[in-house]
$ cat coords_26.txt   # compact mmCIF, C-alpha atoms and all ligand atoms
# COMPACT_ATOMS: atom_id res chain seq x y z
CA MET A 1 -4.07 22.31 7.62
CA TYR A 2 -2.75 19.30 5.75
CA ARG A 3 -1.33 19.90 2.29
CA LEU A 4 -2.47 16.98 0.21
CA GLY A 5 -1.22 16.22 -3.29
CA VAL A 6 -3.68 14.35 -5.48
CA ILE A 7 -2.63 12.49 -8.63
CA PRO A 8 -5.80 11.05 -10.20
CA GLY A 9 -3.69 9.37 -12.91
CA ASP A 10 -4.97 7.09 -15.65
CA GLY A 11 -7.93 4.83 -16.38
CA ILE A 12 -10.13 4.22 -13.36
CA GLY A 13 -7.79 6.28 -11.13
CA PRO A 14 -9.85 9.50 -11.31
CA GLU A 15 -13.15 7.65 -10.70
CA VAL A 16 -12.05 5.81 -7.61
CA LEU A 17 -10.26 8.86 -6.20
CA GLU A 18 -13.39 10.95 -6.61
CA GLN A 19 -15.16 8.65 -4.15
CA ALA A 20 -12.17 8.50 -1.85
CA LEU A 21 -11.99 12.30 -1.75
CA GLU A 22 -15.68 12.55 -0.85
CA VAL A 23 -15.03 10.17 2.00
CA LEU A 24 -12.05 12.27 3.09
CA GLU A 25 -14.22 15.39 3.00
CA GLU A 26 -16.87 13.78 5.19
CA ALA A 27 -14.23 12.51 7.60
CA SER A 28 -12.71 15.98 7.88
CA ARG A 29 -16.10 17.51 8.68
CA ARG A 30 -16.88 14.90 11.31
CA HIS A 31 -13.48 14.62 12.88
CA GLY A 32 -12.32 18.20 12.75
CA PHE A 33 -9.24 18.33 10.58
CA ALA A 34 -8.63 20.52 7.56
CA TYR A 35 -6.71 20.00 4.36
CA ARG A 36 -5.99 21.64 1.05
CA VAL A 37 -5.76 19.69 -2.19
CA HIS A 38 -3.08 20.32 -4.82
CA ARG A 39 -3.92 18.43 -8.01
CA PHE A 40 -1.23 17.10 -10.32
CA PRO A 41 -1.95 16.02 -13.89
CA PHE A 42 0.72 13.29 -14.04
CA GLY A 43 -0.01 10.21 -16.06
CA ALA A 44 -0.33 9.03 -19.65
CA ASP A 45 -2.36 11.93 -21.09
CA HIS A 46 -0.07 14.50 -19.54
CA TYR A 47 2.94 12.68 -20.92
CA LEU A 48 1.48 12.39 -24.41
CA GLU A 49 0.59 16.10 -24.40
CA THR A 50 3.77 17.51 -22.88
CA GLY A 51 6.43 14.80 -23.11
CA GLU A 52 6.93 15.19 -19.38
CA LEU A 53 6.44 12.60 -16.63
CA LEU A 54 7.47 14.53 -13.55
CA SER A 55 9.46 17.75 -13.62
CA ASP A 56 12.01 18.90 -11.08
CA SER A 57 9.78 21.82 -10.10
CA ASP A 58 6.87 19.41 -9.53
CA LEU A 59 9.13 17.41 -7.25
CA GLU A 60 10.05 20.50 -5.26
CA GLU A 61 6.37 21.30 -4.81
CA ILE A 62 5.67 17.72 -3.73
CA ARG A 63 8.42 17.79 -1.12
CA ASN A 64 6.51 20.51 0.70
CA LEU A 65 3.31 18.48 0.98
CA ASP A 66 2.16 16.30 3.87
CA ALA A 67 0.90 13.40 1.78
CA LEU A 68 0.26 12.26 -1.77
CA LEU A 69 -2.77 10.32 -2.90
CA LEU A 70 -2.54 8.43 -6.20
CA GLY A 71 -5.40 6.90 -8.20
CA ALA A 72 -3.75 4.57 -10.70
CA LEU A 73 -1.14 4.65 -13.46
CA GLY A 74 -0.83 2.75 -16.71
CA ASP A 75 -1.83 3.16 -20.31
CA PRO A 76 -1.50 0.70 -23.19
CA ARG A 77 -0.47 3.52 -25.55
CA LEU A 78 2.82 3.96 -23.70
CA GLU A 79 5.94 1.84 -23.72
CA ARG A 80 5.81 -0.84 -21.04
CA GLY A 81 7.31 0.30 -17.76
CA LEU A 82 7.62 3.97 -18.71
CA LEU A 83 5.21 5.26 -16.07
CA GLU A 84 6.23 2.61 -13.54
CA ARG A 85 9.89 3.52 -13.71
CA GLY A 86 9.76 7.15 -14.81
CA LEU A 87 6.99 8.33 -12.53
CA LEU A 88 6.25 5.91 -9.70
CA GLY A 89 9.82 4.64 -9.34
CA ARG A 90 11.16 8.17 -9.54
CA LEU A 91 8.78 9.32 -6.78
CA HIS A 92 9.89 6.40 -4.62
CA ARG A 93 13.57 7.21 -5.07
CA GLU A 94 13.44 11.01 -4.99
CA LEU A 95 11.16 11.11 -1.94
CA ASP A 96 13.02 8.17 -0.41
CA LEU A 97 9.78 6.26 0.22
CA TYR A 98 11.71 3.42 1.77
CA VAL A 99 8.99 1.33 3.30
CA ASN A 100 5.96 -0.04 1.51
CA VAL A 101 3.14 -1.20 3.79
CA ARG A 102 0.12 -3.31 2.87
CA PRO A 103 -2.42 -4.46 5.39
CA VAL A 104 -3.96 -7.84 4.55
CA LYS A 105 -7.19 -7.91 6.43
CA VAL A 106 -10.41 -9.71 5.67
CA TYR A 107 -13.30 -7.32 6.23
CA SER A 108 -15.95 -9.88 5.49
CA GLU A 109 -15.57 -13.61 5.65
CA ARG A 110 -17.25 -14.23 2.32
CA LEU A 111 -14.52 -12.20 0.60
CA CYS A 112 -11.73 -14.56 1.62
CA PRO A 113 -10.99 -17.26 -0.99
CA LEU A 114 -9.64 -19.65 1.66
CA ARG A 115 -12.23 -22.12 2.89
CA GLY A 116 -13.15 -21.59 6.54
CA ARG A 117 -10.86 -18.58 6.96
CA GLY A 118 -12.01 -15.06 7.69
CA ALA A 119 -11.32 -11.92 9.68
CA HIS A 120 -9.99 -13.94 12.55
CA GLU A 121 -7.36 -15.84 10.64
CA VAL A 122 -6.33 -13.28 8.05
CA ASP A 123 -5.16 -10.10 9.73
CA LEU A 124 -1.57 -9.31 8.91
CA VAL A 125 0.60 -6.56 7.49
CA ILE A 126 3.29 -6.99 4.87
CA LEU A 127 6.16 -4.50 4.73
CA ARG A 128 8.78 -4.41 2.04
CA GLU A 129 11.85 -2.28 1.51
CA ASN A 130 11.02 -0.05 -1.42
CA THR A 131 14.13 1.57 -2.90
CA GLU A 132 16.86 -1.09 -3.17
CA ASP A 133 17.10 -4.64 -4.57
CA ALA A 134 16.03 -4.63 -8.25
CA TYR A 135 13.99 -1.49 -7.50
CA ALA A 136 17.23 0.51 -7.43
CA GLY A 137 17.33 -0.01 -11.19
CA LEU A 138 20.95 -1.17 -11.43
CA GLY A 139 21.71 -3.34 -14.40
CA GLY A 140 21.58 -3.31 -18.15
CA PHE A 141 22.53 -5.01 -21.35
CA LEU A 142 25.62 -6.08 -23.20
CA ARG A 143 25.41 -6.84 -26.92
CA LYS A 144 21.69 -6.16 -26.82
CA GLY A 145 19.67 -7.80 -29.56
CA THR A 146 22.46 -10.21 -30.57
CA PRO A 147 22.61 -13.94 -29.87
CA GLU A 148 25.38 -13.20 -27.34
CA GLU A 149 23.22 -10.78 -25.40
CA VAL A 150 23.78 -10.49 -21.65
CA ALA A 151 21.21 -8.87 -19.35
CA THR A 152 21.80 -8.09 -15.68
CA ALA A 153 19.58 -6.81 -12.90
CA GLU A 154 21.44 -6.17 -9.69
CA SER A 155 19.92 -6.87 -6.35
CA VAL A 156 21.49 -4.29 -4.03
CA PHE A 157 21.03 -4.00 -0.29
CA THR A 158 22.65 -1.51 2.02
CA ARG A 159 23.00 -2.06 5.72
CA ARG A 160 21.41 1.33 6.35
CA GLY A 161 18.50 0.65 3.98
CA VAL A 162 17.79 -2.76 5.48
CA GLU A 163 18.10 -1.58 9.04
CA ARG A 164 15.67 1.31 8.73
CA VAL A 165 12.94 -0.81 7.22
CA LEU A 166 13.50 -3.50 9.85
CA ARG A 167 13.20 -0.91 12.57
CA HIS A 168 9.92 0.27 11.10
CA ALA A 169 8.68 -3.32 11.03
CA PHE A 170 9.66 -3.96 14.65
CA GLU A 171 7.85 -0.79 15.69
CA MET A 172 4.76 -1.92 13.82
CA ALA A 173 4.90 -5.38 15.38
CA ARG A 174 5.20 -3.77 18.80
CA SER A 175 2.13 -1.64 18.14
CA ARG A 176 -0.06 -4.65 17.29
CA PRO A 177 -1.59 -7.00 19.85
CA ARG A 178 0.36 -10.11 18.88
CA HIS A 179 3.85 -8.53 18.82
CA GLN A 180 5.07 -10.89 16.16
CA LEU A 181 7.44 -10.27 13.24
CA THR A 182 8.52 -12.66 10.48
CA LEU A 183 11.44 -11.97 8.17
CA VAL A 184 10.90 -13.48 4.73
CA ASP A 185 13.92 -13.89 2.46
CA LYS A 186 15.83 -16.48 0.44
CA SER A 187 19.01 -16.58 2.48
CA SER A 188 19.27 -20.32 1.94
CA LEU A 189 20.15 -19.56 -1.67
CA ILE A 190 21.17 -15.92 -1.95
CA PRO A 191 24.21 -15.05 0.19
CA ALA A 192 23.43 -11.31 0.09
CA HIS A 193 20.25 -11.97 2.04
CA ASP A 194 22.45 -12.87 4.99
CA LEU A 195 22.72 -9.11 5.55
CA TRP A 196 18.99 -9.15 6.28
CA GLN A 197 19.38 -12.06 8.67
CA ARG A 198 22.14 -10.41 10.69
CA ALA A 199 20.48 -7.01 10.78
CA PHE A 200 17.22 -8.70 11.85
CA VAL A 201 18.91 -10.32 14.85
CA GLU A 202 20.76 -7.16 15.81
CA VAL A 203 17.82 -4.76 15.51
CA GLY A 204 15.66 -7.39 17.21
CA ARG A 205 17.75 -7.05 20.40
CA GLU A 206 16.20 -3.60 20.82
CA TYR A 207 12.75 -5.20 20.75
CA PRO A 208 12.81 -8.08 23.24
CA ASP A 209 9.01 -7.91 23.48
CA VAL A 210 8.60 -8.82 19.79
CA LYS A 211 8.55 -12.53 18.90
CA THR A 212 10.55 -13.16 15.75
CA ALA A 213 10.81 -15.85 13.09
CA THR A 214 12.59 -16.13 9.74
CA ILE A 215 11.34 -18.15 6.83
CA ASP A 216 12.25 -18.66 3.17
CA VAL A 217 9.92 -17.05 0.67
CA ASP A 218 8.69 -20.28 -0.92
CA ALA A 219 7.64 -21.63 2.46
CA ALA A 220 6.08 -18.28 3.34
CA ILE A 221 3.89 -18.37 0.24
CA ALA A 222 2.76 -21.88 1.11
CA TRP A 223 2.02 -21.07 4.74
CA LEU A 224 0.21 -17.87 3.86
CA VAL A 225 -2.32 -19.97 2.00
CA ARG A 226 -2.41 -22.90 4.44
CA THR A 227 -2.22 -21.14 7.79
CA PRO A 228 -2.46 -17.38 7.39
CA GLU A 229 -3.19 -17.15 11.13
CA TRP A 230 0.49 -17.78 11.79
CA PHE A 231 1.41 -14.35 10.51
CA ASP A 232 1.15 -10.96 12.14
CA VAL A 233 3.76 -8.59 10.61
CA ILE A 234 5.95 -9.71 7.71
CA VAL A 235 9.02 -7.80 6.56
CA THR A 236 10.86 -8.60 3.36
CA THR A 237 12.91 -7.44 0.38
CA PRO A 238 11.39 -5.36 -2.42
CA MET A 239 11.15 -8.15 -5.01
CA LEU A 240 9.91 -10.83 -2.67
CA GLY A 241 7.52 -8.34 -1.12
CA ASP A 242 6.07 -7.47 -4.51
CA VAL A 243 5.06 -11.12 -4.98
CA LEU A 244 3.90 -11.74 -1.41
CA MET A 245 1.76 -8.62 -1.52
CA ALA A 246 -0.02 -9.72 -4.66
CA LEU A 247 -0.96 -12.93 -2.88
CA GLY A 248 -1.96 -10.96 0.19
CA SER A 249 -4.38 -8.79 -1.75
CA GLN A 250 -6.18 -11.89 -2.97
CA LEU A 251 -6.42 -13.32 0.54
CA GLN A 252 -8.33 -10.24 1.58
CA GLY A 253 -10.73 -10.36 -1.34
CA GLY A 254 -9.00 -9.00 -4.44
CA VAL A 255 -7.11 -6.03 -5.81
CA GLY A 256 -10.16 -3.79 -5.65
CA LEU A 257 -10.09 -3.88 -1.86
CA ALA A 258 -6.41 -3.39 -1.10
CA ALA A 259 -4.42 -0.27 -0.27
CA SER A 260 -0.75 0.54 -0.11
CA ALA A 261 1.41 3.17 1.56
CA SER A 262 4.94 4.03 0.48
CA LEU A 263 6.38 5.87 3.44
CA ASN A 264 9.22 8.09 4.38
CA PRO A 265 8.02 8.47 7.96
CA GLY A 266 7.74 12.10 8.97
CA GLN A 267 8.11 13.27 5.35
CA VAL A 268 5.69 13.33 2.44
CA SER A 269 4.44 9.78 1.82
CA LEU A 270 2.42 8.21 -0.97
CA PHE A 271 -0.92 6.40 -0.55
CA GLU A 272 -2.73 4.47 -3.26
CA PRO A 273 -5.09 1.62 -4.02
CA ILE A 274 -2.98 -1.30 -5.24
CA HIS A 275 -4.94 -1.91 -8.44
CA GLY A 276 -3.84 -0.69 -11.84
CA SER A 277 -5.60 1.70 -14.20
CA ALA A 278 -7.85 -1.06 -15.66
CA PRO A 279 -8.34 0.73 -19.01
CA LYS A 280 -11.24 -1.54 -19.95
CA LEU A 281 -13.22 -0.48 -16.87
CA ALA A 282 -12.44 3.21 -17.24
CA GLY A 283 -15.54 5.32 -17.66
CA THR A 284 -17.94 2.45 -16.92
CA GLY A 285 -18.44 3.58 -13.32
CA SER A 286 -18.03 0.04 -12.06
CA ALA A 287 -14.54 0.09 -10.55
CA ASN A 288 -14.44 -0.65 -6.83
CA PRO A 289 -13.36 2.45 -4.88
CA ILE A 290 -12.82 0.57 -1.59
CA GLY A 291 -9.06 0.23 -2.21
CA ALA A 292 -8.81 3.99 -2.75
CA ILE A 293 -10.93 4.64 0.35
CA LEU A 294 -8.66 2.37 2.39
CA ALA A 295 -5.67 4.30 1.02
CA VAL A 296 -7.26 7.40 2.58
CA ARG A 297 -7.61 5.42 5.81
CA MET A 298 -3.89 4.62 5.78
CA MET A 299 -3.08 8.25 5.07
CA LEU A 300 -5.18 9.48 7.99
CA GLU A 301 -3.49 7.01 10.29
CA GLU A 302 -0.06 8.18 9.16
CA LEU A 303 -1.05 11.83 9.63
CA GLY A 304 -2.08 11.03 13.19
CA GLU A 305 -5.85 11.27 12.61
CA GLU A 306 -6.39 7.97 14.40
CA THR A 307 -10.06 8.44 15.23
CA ALA A 308 -10.98 9.35 11.68
CA ALA A 309 -8.96 6.38 10.40
CA ALA A 310 -10.71 3.97 12.77
CA CYS A 311 -14.10 5.39 11.82
CA LEU A 312 -13.34 4.84 8.15
CA ASP A 313 -12.15 1.33 8.82
CA SER A 314 -15.36 0.44 10.57
CA ALA A 315 -17.45 2.09 7.84
CA VAL A 316 -15.75 -0.08 5.22
CA ARG A 317 -16.30 -3.18 7.36
CA GLN A 318 -19.96 -2.33 7.70
CA VAL A 319 -20.41 -1.78 3.97
CA LEU A 320 -18.59 -4.97 2.98
CA ASN A 321 -20.71 -6.97 5.41
CA ASP A 322 -23.98 -5.54 4.21
CA PRO A 323 -25.56 -8.27 2.06
CA THR A 324 -27.42 -5.70 0.00
CA VAL A 325 -24.13 -4.06 -0.95
CA PHE A 326 -21.80 -6.94 -1.49
CA ASP A 327 -23.35 -9.48 -3.75
CA SER A 328 -20.80 -11.61 -5.55
CA SER A 329 -23.26 -13.28 -7.90
CA PRO A 330 -22.61 -12.66 -11.60
CA GLY A 331 -24.07 -9.46 -12.96
CA ALA A 332 -24.48 -8.00 -9.50
CA ALA A 333 -21.44 -5.72 -9.71
CA ARG A 334 -21.89 -2.59 -7.66
CA ARG A 335 -21.23 0.79 -9.09
CA THR A 336 -18.32 2.99 -8.04
CA ARG A 337 -20.57 5.76 -6.80
CA GLU A 338 -22.86 3.42 -4.90
CA TYR A 339 -19.97 1.99 -2.90
CA GLY A 340 -18.78 5.50 -2.12
CA GLU A 341 -22.22 6.59 -1.00
CA ARG A 342 -22.65 3.58 1.27
CA VAL A 343 -19.35 4.31 2.95
CA LEU A 344 -20.39 7.95 3.43
CA GLN A 345 -23.66 6.82 5.02
CA ALA A 346 -21.83 4.47 7.36
CA ILE A 347 -19.48 7.27 8.42
CA ARG A 348 -22.40 9.59 9.11
CA GLN A 349 -24.04 6.96 11.26
CA SER A 350 -21.04 6.03 13.31
CA SER A 351 -18.74 9.04 13.62
CA ASP A 352 -20.43 10.39 16.77
CA SER A 353 -19.80 7.19 18.66
CA PHE A 354 -16.16 7.20 17.47
CA GLN A 355 -15.64 10.68 18.81
CA GLU A 356 -17.21 9.78 22.11
CA ALA A 357 -15.01 6.72 22.39
CA ALA A 358 -11.96 8.83 21.55
CA ARG A 359 -12.86 11.39 24.23
CA SER A 360 -13.47 8.89 26.99
C1 LIG A 401 3.12 -2.51 -6.76
C2 LIG A 401 3.29 -2.47 -8.24
C3 LIG A 401 4.47 -1.57 -8.55
C4 LIG A 401 5.64 -2.01 -7.71
C5 LIG A 401 4.83 -1.52 -10.03
C6 LIG A 401 3.67 -1.00 -10.84
C7 LIG A 401 6.09 -0.74 -10.29
O1 LIG A 401 3.45 -3.74 -8.75
O2 LIG A 401 2.79 -1.46 -6.21
O3 LIG A 401 3.35 -3.54 -6.16
O4 LIG A 401 6.07 -3.14 -7.81
O5 LIG A 401 6.11 -1.21 -6.91
MN MN A 402 3.18 -5.28 -7.25
$ encode --input "coords_26.txt" --output "structure tokens" --more "lines below"
Ligand code: IPM
Ligand code: MN
Amino acid sequence: MYRLGVIPGDGIGPEVLEQALEVLEEASRRHGFAYRVHRFPFGADHYLETGELLSDSDLEEIRNLDALLLGALGDPRLERGLLERGLLGRLHRELDLYVNVRPVKVYSERLCPLRGRGAHEVDLVILRENTEDAYAGLGGFLRKGTPEEVATAESVFTRRGVERVLRHAFEMARSRPRHQLTLVDKSSLIPAHDLWQRAFVEVGREYPDVKTATIDVDAAIAWLVRTPEWFDVIVTTPMLGDVLMALGSQLQGGVGLAASASLNPGQVSLFEPIHGSAPKLAGTGSANPIGAILAVRMMLEELGEETAAACLDSAVRQVLNDPTVFDSSPGAARRTREYGERVLQAIRQSSDSFQEAARS
């Protein structure tokens, strides 16, 4: 029995999670796993009502869960960065969610904005360290608000922090057919990034079967657009990863289709669609729930429900390739519920064959 924490959050978060939870329910029925949902009210409304973002007792409860599923956070009524730092950042640090993983995978060729590129060329995973660098929150102001103001944001890296995320990346590269790992940094300019370079070489000795490369971030951005087929697994720093991942989500078709996992392997981890709360879309029923559904897919994979995860993956592929579902012409936007229902249908049609394949 998995203990699953659900944070619907703000804006379109609750709408997309509703679909994702229906998909989870169907997957559990078909693939024989059970779970219990613990709902948490965190987000803007909860903060405005109670003045609380995340209490210590909530955190204790969360530590005992198997996974957390988040809809979206963000509300224009609140001070910029309050939820990002006080809620999401706090979860990352307190739960030590040290690796952030984002698959960049084109499910349907027409979704990829690169001419002539599709599922074959764009199939990579980006991993970033998730608790250090500027994400550690070190820095501040001197003489704030005066003409002599000084602002600092420290980029910190620890050998231990770098090594554990590198190890995770090597393991992932080993588990994929191409066995290829690229370190992206800016060591040509930033001396501290040399720690990444040395750790990469040293950890790499334990993985002689993984082909490695290192590349500066500016070149990586350029090559991701020109020749995405060069990349298999990418590992990088938190800040550089944040930028690379935003590009990656577009390569696969947009923020509505991308999912993210912030992991502390073996402990409670956090799964979410990468999009924000999109306040303008909230309540219109038109937000795309595919990102949230793919977050469920990542969660199932992490929990060891491989067959269910693969079934979900193929259901999403089927739906995104169905011309009656995905129509990118103006005014043809699909509704949140319709997407969810199509994915459910696809799961119902294919789950038997997945179970057979898993048995044989
Ligand atoms: C992301 C987001 C967050 C991050 C923000 C909202 C703090 O941009 O998931 O990439 O950078 O971690
Ligand atoms: Mn980001």
$ atom_distance --input "coords_26.txt" --atom1 "CA of Ala358 in chain A" --atom2 "CA of Gly291 in chain A"
25.4 Å
$ residues_near_ligand --input "coords_26.txt" --ligand "ligand MN 402 (chain A)" --cutoff "7 Å" --atoms "all atoms listed in the file" --output "VMD selection string"
chain A and resid 242 to 243 245 to 246
$ closest_atom_pairs --input "coords_26.txt" --of "range 185-303 of chain A" --to "range 159-173 of chain A" --cutoff "10 Å" --atoms "all atoms listed in the file" --output "tab-separated table"
residue	atom	partner	partner_atom	distance
A:Leu195	CA	A:Arg159	CA	7.1
A:Trp196	CA	A:Val162	CA	6.6
A:Gln197	CA	A:Val162	CA	10.0
A:Arg198	CA	A:Arg159	CA	9.8
A:Ala199	CA	A:Glu163	CA	6.2
A:Phe200	CA	A:Leu166	CA	6.7
A:Glu202	CA	A:Glu163	CA	9.2
A:Val203	CA	A:Arg167	CA	6.7
A:Gly204	CA	A:Phe170	CA	7.4
A:Glu206	CA	A:Phe170	CA	9.0
A:Tyr207	CA	A:Phe170	CA	6.9
A:Asp209	CA	A:Ala173	CA	9.4
A:Val210	CA	A:Ala173	CA	6.7
A:Lys211	CA	A:Ala173	CA	8.8
A:Thr212	CA	A:Phe170	CA	9.3
A:Asp232	CA	A:Ala173	CA	7.5
A:Val233	CA	A:Ala173	CA	5.9
A:Ile234	CA	A:Ala169	CA	7.7
A:Val235	CA	A:Ala169	CA	6.3
A:Thr236	CA	A:Leu166	CA	8.7
A:Thr237	CA	A:Val162	CA	8.5
A:Pro265	CA	A:His168	CA	9.0
$ atom_distance --input "coords_26.txt" --atom1 "CA of Met299 in chain A" --atom2 "CA of Ser269 in chain A"
8.3 Å
$ closest_residue --input "coords_26.txt" --among "A:Glu305, A:Asp10, A:Glu129, A:Asp352" --to "Pro41 in chain A" --atoms "only C-alpha atoms"
A:Asp10
$ closest_residue --input "coords_26.txt" --among "A:Gln180, A:Ser277, A:Gln267, A:Ser187" --to "ligand LIG 401 (chain A)" --atoms "all atoms listed in the file"
A:Ser277
$ atom_distance --input "coords_26.txt" --atom1 "CA of Pro177 in chain A" --atom2 "CA of Arg348 in chain A"
28.7 Å
$ residues_near_ligand --input "coords_26.txt" --ligand "ligand LIG 401 (chain A)" --cutoff "8 Å" --atoms "all atoms listed in the file" --output "list in words"
Leu73, Gly81, Glu84, Arg85, Leu88, Gly89, Asn130, Tyr135, Pro238, Met239, Asp242, Val243, Met245, Ala246, Ser260, Ile274 and Gly276 of chain A
$ closest_residue --input "coords_26.txt" --among "A:Lys144, A:Arg317, A:Leu124, A:Val99" --to "Ser249 in chain A" --atoms "only C-alpha atoms"
A:Leu124
$ closest_residue --input "coords_26.txt" --among "A:Val150, A:Leu251, A:Val296, A:Leu95" --to "Glu60 in chain A" --atoms "only C-alpha atoms"
A:Leu95
$ residues_near_point --input "coords_26.txt" --point "(-8.6, 5.0, -6.1)" --cutoff "9 Å" --atoms "all atoms listed in the file" --output "PyMOL selection string"
chain A and resi 8+12-20+69-72+256+259+272-275+287-295
$ axis_aligned_box --input "coords_26.txt" --around "range 116-120 of chain A" --padding-each-side "3 Å" --output "lines of an AutoDock Vina configuration file"
center_x = -11.6
center_y = -16.8
center_z = 9.5
size_x = 9.2
size_y = 15.7
size_z = 12.0
$ residues_near_point --input "coords_26.txt" --point "(-4.7, -1.4, -26.1)" --cutoff "9 Å" --atoms "only C-alpha atoms" --output "list in words"
Asp75, Pro76, Arg77, Pro279 and Lys280 of chain A
$ closest_residue --input "coords_26.txt" --among "A:Ala27, A:Gly283, A:Leu78, A:Met298" --to "Ala315 in chain A" --atoms "all atoms listed in the file"
A:Ala27
$ closest_residue --input "coords_26.txt" --among "A:Gly140, A:Arg29, A:Leu82, A:Arg39" --to "Glu52 in chain A" --atoms "only C-alpha atoms"
A:Leu82
$ residues_around --input "coords_26.txt" --residues "Leu224 in chain A" --least-positions-apart "5" --cutoff "9 Å" --atoms "only C-alpha atoms" --output "count of residues only"
8
$ residues_around --input "coords_26.txt" --residues "Ile62 in chain A" --least-positions-apart "4" --cutoff "12 Å" --atoms "all atoms listed in the file" --output "list of chain:residue names"
A:Arg3, A:Leu4, A:Gly5, A:Val6, A:Ile7, A:Val37, A:His38, A:Arg39, A:Phe40, A:Leu54, A:Ser55, A:Asp56, A:Ser57, A:Asp58, A:Asp66, A:Ala67, A:Leu68, A:Leu69, A:Leu91, A:Glu94, A:Leu95, A:Gln267, A:Val268, A:Ser269, A:Leu270
